[in-house]
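Some notes on the structure that comes next.
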Amino acid sequence: MNGICFVLGQEEYLLEQGKKSFLQACSTRLKAEIRVHTYGAAATMQEVVEMLESTDLFGGKDIVIWQQPSVIRGKHKGASRKKLTSQEEWFIDKVTSLAETSGLLFYIEGTVDEKDPLFKALLPFASVVRCNPLEVSDILTFIQQYLQQQGHRLLPAGRTYLQALFSTWETLPLRYIVSELERLCLIIEPHQDIRKEDVDHLFVDNMDKKLFTFMDYFFAQQQEKIQPFCASLFNSKQYIKNLGTLGRTVRLMIAYKELQAMRMGEKQLLEIMQEINMGRPMRGELWHIKQKGKNWSIASLRALSLFLFHLQFDIRQGVLSIDDIEPLLCSACKPNYHSIL
């Protein structure tokens, strides 16, 4: 992979994998510790070049991730320009010469105008990783390859079942699919062949899929990404069930973190968590609990649990309305939320 790279597209999981691959390739290519610097859309070419030109007394190498760079035009933004500006020519000269000793990643959620002169001028010096949404056949190939890497084989009956299932979905969120495959691999025996019976409980209905994705973003504290889910998940018919599921997940996260703080062994921890979960198996779910809890302390989770209790109580008492759920949940997923209660 080159020292300059475009990772672009709409599939979030593939975008993140593309970024990881670029950073790993930079570490291998530069044979040094890398320092990663992230810039947003408002960054300037001058700022990026200055960072790439900086030196580290300890021999580390600087890598810049430029997210949604405003200098790269999006698709359908009007007629393409014909010529480079003088500043763009200077930028190209700088980054192409610096790419041998550093790294520059353009991380773009969406599509770009590939006729834009800046993109076209950088293209001969850059790798391009396209992360487009996958079709059903592509998803099935991905699943087979993923399971093979984990030492498993998807049998024909399992593939046929998944093909029929995915063909009914409006979207195919790879992040959700991978998380379910990870859970499956924790439950089954090593090198076990995957049958239809092993996968028919994995991918649940559309509403549960939405709730899973919502909680993933919520606990990752990505406030802007939870908003599109709120209207369908927390309407008059769904809010009681879904707020209850969210509250249950928070309580499991608290229990897990408290047991961890007691330095309890993994086996005993799993047994106790299963008791807390009313006897339901926890081995697969525990992985999700660990991932979701990374950004949360015990104190913040306790505050969140109390907040969810009062939210449901106040709606039932008429103090709050269903329309209040979205803004309150968006506020509650902010970092260090417990400090503002």
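In the structure tokens, chains take the letters A, B, ... in the order shown, each chain's residues start at 1, and ligands count up from 1 in the order shown.
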
Exercise for review: Could you tell me, as a ChimeraX atom specification, which residues of segment 69-270 of chain A DSSP assigns to alpha helix (DSSP H) when given the backbone?
Suggested key: /A:86-98,117-122,136-149,156-166,174-187,196-199,206-219,223-233,239-261,266-270

Exercise for review: Compile the contact shell of Leu202 of chain A as a PyMOL selection string: residues with an atom at most 9 Å away, counting only C-alpha atoms, same-chain residues fewer than 2 positions apart removed.
Suggested key: chain A and resi 177+180-181+183-184+198-200+204

Resulting file, chosen residues, N, CA, C and O atoms, as an mmCIF file, in the first residue's frame:
data_model
loop_
_atom_site.group_PDB
_atom_site.id
_atom_site.type_symbol
_atom_site.label_atom_id
_atom_site.label_comp_id
_atom_site.auth_asym_id
_atom_site.auth_seq_id
_atom_site.Cartn_x
_atom_site.Cartn_y
_atom_site.Cartn_z
ATOM 1 N N ILE A 177 -23.358 -7.763 11.012
ATOM 2 C CA ILE A 177 -23.162 -9.145 10.588
ATOM 3 C C ILE A 177 -21.878 -9.709 11.176
ATOM 4 O O ILE A 177 -21.847 -10.841 11.691
ATOM 5 N N GLU A 180 -22.187 -10.546 14.890
ATOM 6 C CA GLU A 180 -22.913 -11.793 15.123
ATOM 7 C C GLU A 180 -22.043 -13.012 14.798
ATOM 8 O O GLU A 180 -22.112 -14.038 15.480
ATOM 9 N N LEU A 181 -21.218 -12.903 13.769
ATOM 10 C CA LEU A 181 -20.300 -13.996 13.448
ATOM 11 C C LEU A 181 -19.269 -14.181 14.562
ATOM 12 O O LEU A 181 -18.909 -15.319 14.901
ATOM 13 N N ARG A 183 -19.777 -13.562 17.677
ATOM 14 C CA ARG A 183 -20.505 -14.221 18.768
ATOM 15 C C ARG A 183 -20.655 -15.710 18.492
ATOM 16 O O ARG A 183 -20.485 -16.546 19.402
ATOM 17 N N LEU A 184 -20.952 -16.057 17.239
ATOM 18 C CA LEU A 184 -21.088 -17.469 16.864
ATOM 19 C C LEU A 184 -19.789 -18.228 17.122
ATOM 20 O O LEU A 184 -19.801 -19.336 17.673
ATOM 21 N N ASP A 198 -27.003 -23.594 13.308
ATOM 22 C CA ASP A 198 -26.066 -22.727 14.028
ATOM 23 C C ASP A 198 -26.271 -21.252 13.704
ATOM 24 O O ASP A 198 -25.853 -20.381 14.480
ATOM 25 N N VAL A 199 -26.880 -20.958 12.560
ATOM 26 C CA VAL A 199 -27.008 -19.554 12.140
ATOM 27 C C VAL A 199 -28.437 -19.025 12.162
ATOM 28 O O VAL A 199 -28.645 -17.816 12.058
ATOM 29 N N ASP A 200 -29.431 -19.922 12.316
ATOM 30 C CA ASP A 200 -30.810 -19.432 12.185
ATOM 31 C C ASP A 200 -31.254 -18.578 13.368
ATOM 32 O O ASP A 200 -32.305 -17.939 13.311
ATOM 33 N N VAL A 204 -31.486 -11.452 13.732
ATOM 34 C CA VAL A 204 -32.859 -11.310 14.209
ATOM 35 C C VAL A 204 -33.631 -10.358 13.305
ATOM 36 O O VAL A 204 -33.132 -9.902 12.289
#

Exercise for review: Find the residue from A:Ser321, A:Met51, A:Asp116, A:Leu174 that sits nearest to Asp138 of chain A; use only C-alpha atoms when measuring.
Suggested key: A:Leu174

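You can rank A:Phe106, A:Phe6, A:Phe218, A:Tyr13 by their closest distance to Val178 of chain A using only C-alpha atoms, and at the top of that list sits A:Tyr13.
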
Check your understanding: Using only C-alpha atoms, which residues sit within 9 Å of segment 267-274 of chain A once same-chain residues fewer than 4 positions away are excluded, as a PyMOL selection string?
Key -> chain A and resi 252+255-256+259-260+278-283+286

Expected file: the selected residues, all heavy atoms, as a short mmCIF file (atom, residue, chain, number, x, y, z; two decimals), in the first residue's frame:
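The resulting file, again_18.cif, is shown below:
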data_model
loop_
_atom_site.label_atom_id
_atom_site.label_comp_id
_atom_site.auth_asym_id
_atom_site.auth_seq_id
_atom_site.Cartn_x
_atom_site.Cartn_y
_atom_site.Cartn_z
N LEU A 252 -26.27 -4.98 32.88
CA LEU A 252 -25.30 -6.05 32.65
C LEU A 252 -23.88 -5.48 32.55
O LEU A 252 -22.92 -6.09 33.04
CB LEU A 252 -25.64 -6.81 31.37
CG LEU A 252 -26.88 -7.72 31.44
CD1 LEU A 252 -27.19 -8.31 30.06
CD2 LEU A 252 -26.68 -8.86 32.45
N ALA A 255 -22.71 -4.76 36.10
CA ALA A 255 -22.36 -6.00 36.80
C ALA A 255 -21.01 -6.53 36.32
O ALA A 255 -20.16 -6.93 37.13
CB ALA A 255 -23.46 -7.04 36.58
N TYR A 256 -20.80 -6.51 35.01
CA TYR A 256 -19.54 -7.02 34.46
C TYR A 256 -18.36 -6.20 34.97
O TYR A 256 -17.33 -6.76 35.39
CB TYR A 256 -19.59 -6.99 32.94
CG TYR A 256 -18.28 -7.35 32.30
CD1 TYR A 256 -17.83 -8.67 32.26
CD2 TYR A 256 -17.46 -6.36 31.75
CE1 TYR A 256 -16.62 -9.00 31.69
CE2 TYR A 256 -16.24 -6.69 31.18
CZ TYR A 256 -15.82 -8.00 31.15
OH TYR A 256 -14.61 -8.32 30.59
N LEU A 259 -17.66 -6.91 38.69
CA LEU A 259 -17.00 -8.21 38.88
C LEU A 259 -15.54 -8.15 38.41
O LEU A 259 -14.65 -8.75 39.02
CB LEU A 259 -17.76 -9.29 38.11
CG LEU A 259 -19.17 -9.62 38.64
CD1 LEU A 259 -19.88 -10.56 37.69
CD2 LEU A 259 -19.09 -10.22 40.03
N GLN A 260 -15.31 -7.44 37.33
CA GLN A 260 -13.93 -7.26 36.85
C GLN A 260 -13.08 -6.55 37.88
O GLN A 260 -11.92 -6.89 38.11
CB GLN A 260 -13.94 -6.45 35.55
CG GLN A 260 -13.70 -7.28 34.31
CD GLN A 260 -13.30 -6.39 33.14
OE1 GLN A 260 -13.67 -5.23 33.05
NE2 GLN A 260 -12.53 -6.96 32.24
N MET A 278 -30.65 -14.15 34.46
CA MET A 278 -31.79 -15.06 34.63
C MET A 278 -31.54 -16.43 33.99
O MET A 278 -32.45 -17.06 33.45
CB MET A 278 -33.06 -14.45 34.02
CG MET A 278 -33.35 -13.03 34.48
SD MET A 278 -33.74 -12.93 36.26
CE MET A 278 -35.33 -13.71 36.29
N GLY A 279 -30.30 -16.90 34.05
CA GLY A 279 -29.97 -18.21 33.55
C GLY A 279 -29.73 -18.31 32.06
O GLY A 279 -29.36 -19.38 31.55
N ARG A 280 -29.94 -17.22 31.34
CA ARG A 280 -29.71 -17.24 29.89
C ARG A 280 -28.22 -17.24 29.61
O ARG A 280 -27.45 -16.54 30.28
CB ARG A 280 -30.39 -16.04 29.22
CG ARG A 280 -31.90 -16.11 29.25
CD ARG A 280 -32.52 -14.99 28.43
NE ARG A 280 -32.31 -13.69 29.06
CZ ARG A 280 -33.17 -13.12 29.89
NH1 ARG A 280 -34.29 -13.74 30.22
NH2 ARG A 280 -32.93 -11.93 30.40
N PRO A 281 -27.77 -18.00 28.58
CA PRO A 281 -26.33 -18.08 28.27
C PRO A 281 -25.73 -16.70 28.03
O PRO A 281 -26.33 -15.85 27.39
CB PRO A 281 -26.30 -18.94 27.00
CG PRO A 281 -27.57 -19.72 27.03
CD PRO A 281 -28.58 -18.84 27.67
N MET A 282 -24.52 -16.50 28.55
CA MET A 282 -23.88 -15.19 28.46
C MET A 282 -22.59 -15.21 27.64
O MET A 282 -22.01 -14.16 27.38
CB MET A 282 -23.53 -14.68 29.86
CG MET A 282 -24.68 -14.02 30.57
SD MET A 282 -25.25 -12.49 29.78
CE MET A 282 -23.78 -11.47 29.84
N ARG A 283 -22.15 -16.39 27.22
CA ARG A 283 -20.83 -16.47 26.59
C ARG A 283 -20.74 -15.57 25.35
O ARG A 283 -19.79 -14.83 25.18
CB ARG A 283 -20.51 -17.92 26.21
CG ARG A 283 -19.06 -18.11 25.78
CD ARG A 283 -18.73 -19.58 25.59
NE ARG A 283 -17.30 -19.73 25.32
CZ ARG A 283 -16.37 -19.76 26.24
NH1 ARG A 283 -16.69 -19.62 27.51
NH2 ARG A 283 -15.09 -19.89 25.93
N LEU A 286 -21.45 -11.73 26.32
CA LEU A 286 -20.40 -11.10 27.12
C LEU A 286 -19.42 -10.32 26.25
O LEU A 286 -18.90 -9.28 26.65
CB LEU A 286 -19.66 -12.16 27.94
CG LEU A 286 -18.85 -11.65 29.13
CD1 LEU A 286 -19.75 -10.92 30.12
CD2 LEU A 286 -18.14 -12.81 29.83
#

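Using only C-alpha atoms for every distance, the candidate list A:Val71, A:Leu52, A:Ile322, A:Ala164 yields A:Ile322 as the residue closest to Asn235 of chain A.
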
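For the pair atom CA of Ser102 of chain A and atom CA of Lys82 of chain A, the interatomic distance is 29.5 Å.
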
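You can rank A:Met215, A:Ala299, A:Leu308, A:Leu147 by their closest distance to Pro190 of chain A using only C-alpha atoms, and at the top of that list sits A:Leu147.
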
Enumerate, as a PDB file with C-alpha atoms, in the first residue's frame, the complete set of residues in segment 72-300 of chain A that a backbone-based DSSP assignment places in strand (DSSP E or B).
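Dumped to states-v2.pdb:
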ATOM      1  CA  GLY A  74     -17.795  15.127  -3.348  1.00  0.00           C
ATOM      2  CA  GLY A 103       1.751   8.565   5.425  1.00  0.00           C
ATOM      3  CA  LEU A 104      -1.386  10.443   4.409  1.00  0.00           C
ATOM      4  CA  LEU A 105      -4.835   8.842   4.468  1.00  0.00           C
ATOM      5  CA  PHE A 106      -7.865  10.584   2.974  1.00  0.00           C
ATOM      6  CA  TYR A 107     -10.785   9.029   4.892  1.00  0.00           C
ATOM      7  CA  ILE A 108     -14.034   9.827   3.082  1.00  0.00           C
ATOM      8  CA  GLU A 109     -17.506   8.551   4.012  1.00  0.00           C
ATOM      9  CA  GLY A 110     -19.241   8.878   0.665  1.00  0.00           C
ATOM     10  CA  VAL A 112     -15.818  11.760  -4.608  1.00  0.00           C
ATOM     11  CA  ALA A 126      -2.059   6.770  -4.146  1.00  0.00           C
ATOM     12  CA  SER A 127      -3.760   3.523  -3.254  1.00  0.00           C
ATOM     13  CA  VAL A 128      -7.570   3.571  -3.400  1.00  0.00           C
ATOM     14  CA  VAL A 129      -9.691   1.367  -1.135  1.00  0.00           C
ATOM     15  CA  ARG A 130     -13.351   1.461  -2.180  1.00  0.00           C
ATOM     16  CA  CYS A 131     -15.783   0.514   0.571  1.00  0.00           C
ATOM     17  CA  ARG A 153     -16.660 -24.026   7.162  1.00  0.00           C
ATOM     18  CA  LEU A 154     -20.160 -22.856   6.214  1.00  0.00           C
ATOM     19  CA  ASP A 193     -18.672 -26.971  10.495  1.00  0.00           C
ATOM     20  CA  ILE A 194     -21.435 -24.336  10.489  1.00  0.00           C
TER      21      ILE A 194
END

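Between atom CA of Lys210 of chain A and atom CA of Cys333 of chain A the separation is 17.1 Å.
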
Need to verify the contact set: Asp216 of chain A, 12 Å, only C-alpha atoms, exclusion of same-chain residues closer than 5 positions in sequence. Can you return it as a CSV table (one decimal) with C-alpha atoms, in the first residue's frame?
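In the end it all went to out.csv:
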chain,number,residue,atom,x,y,z
A,175,ARG,CA,-20.7,-4.3,11.1
A,176,TYR,CA,-23.7,-6.0,12.6
A,179,SER,CA,-20.5,-8.9,15.4
A,209,LYS,CA,-31.2,-5.2,14.1
A,210,LYS,CA,-31.9,-1.4,14.3
A,211,LEU,CA,-31.8,-1.5,18.1
A,221,GLN,CA,-20.8,7.9,22.2
A,222,GLN,CA,-21.4,8.8,18.6
A,223,GLN,CA,-24.3,11.2,19.2
A,225,LYS,CA,-25.3,8.6,14.5
A,226,ILE,CA,-28.0,7.6,16.9
A,229,PHE,CA,-32.8,5.5,14.7
A,246,LEU,CA,-31.3,-0.5,26.8
A,249,THR,CA,-27.8,-3.8,28.8
A,288,HIS,CA,-20.8,-7.4,23.2
A,289,ILE,CA,-20.9,-6.2,26.9
A,290,LYS,CA,-17.1,-5.8,26.9
A,291,GLN,CA,-17.0,-3.9,23.6
A,292,LYS,CA,-19.9,-1.5,24.6
A,293,GLY,CA,-18.3,-0.8,28.0
A,294,LYS,CA,-15.0,0.5,26.8
A,295,ASN,CA,-15.9,4.2,26.9
A,333,CYS,CA,-24.6,9.4,25.3

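Atom pair atom CA of Val95 of chain A / atom CA of Val49 of chain A has a distance of 6.8 Å (rounded to one decimal).
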
Review point. Near segment 28-43 of chain A, within 7 Å and counting only C-alpha atoms, which residues show up once chain neighbours fewer than 6 positions away are dropped, as a list in words?
Key: Gly60, Lys61, Asp62, Ile63, Val64, Ile65, Trp66, Gln67, Gln68, Pro69, Ser70 and Thr101 of chain A

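The nearest approach to Asn277 of chain A among the residues A:Arg251, A:Phe166, A:Pro327, A:Thr213, with only C-alpha atoms taken into account, belongs to A:Arg251.
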
Exercise for review: List the neighbours of Glu224 of chain A out to 12 Å using only C-alpha atoms; skip same-chain residues closer than 6 positions along the sequence, and give me the result as a ChimeraX atom specification.
Suggested key: /A:214,217-218,230,326-327,329-331,333-334

Point to revise | Residue neighbourhood segment 304-306 of chain A, 7 Å, only C-alpha atoms, exclusion window fewer than 2 positions, as a ChimeraX atom specification | key: /A:247,250-251,300-302,308-310

Practice item. May I ask which of the residues A:Phe91, A:Gly3, A:Gln312, A:Leu155 is the closest one to Val48 of chain A, counting only C-alpha atoms? Key: A:Phe91
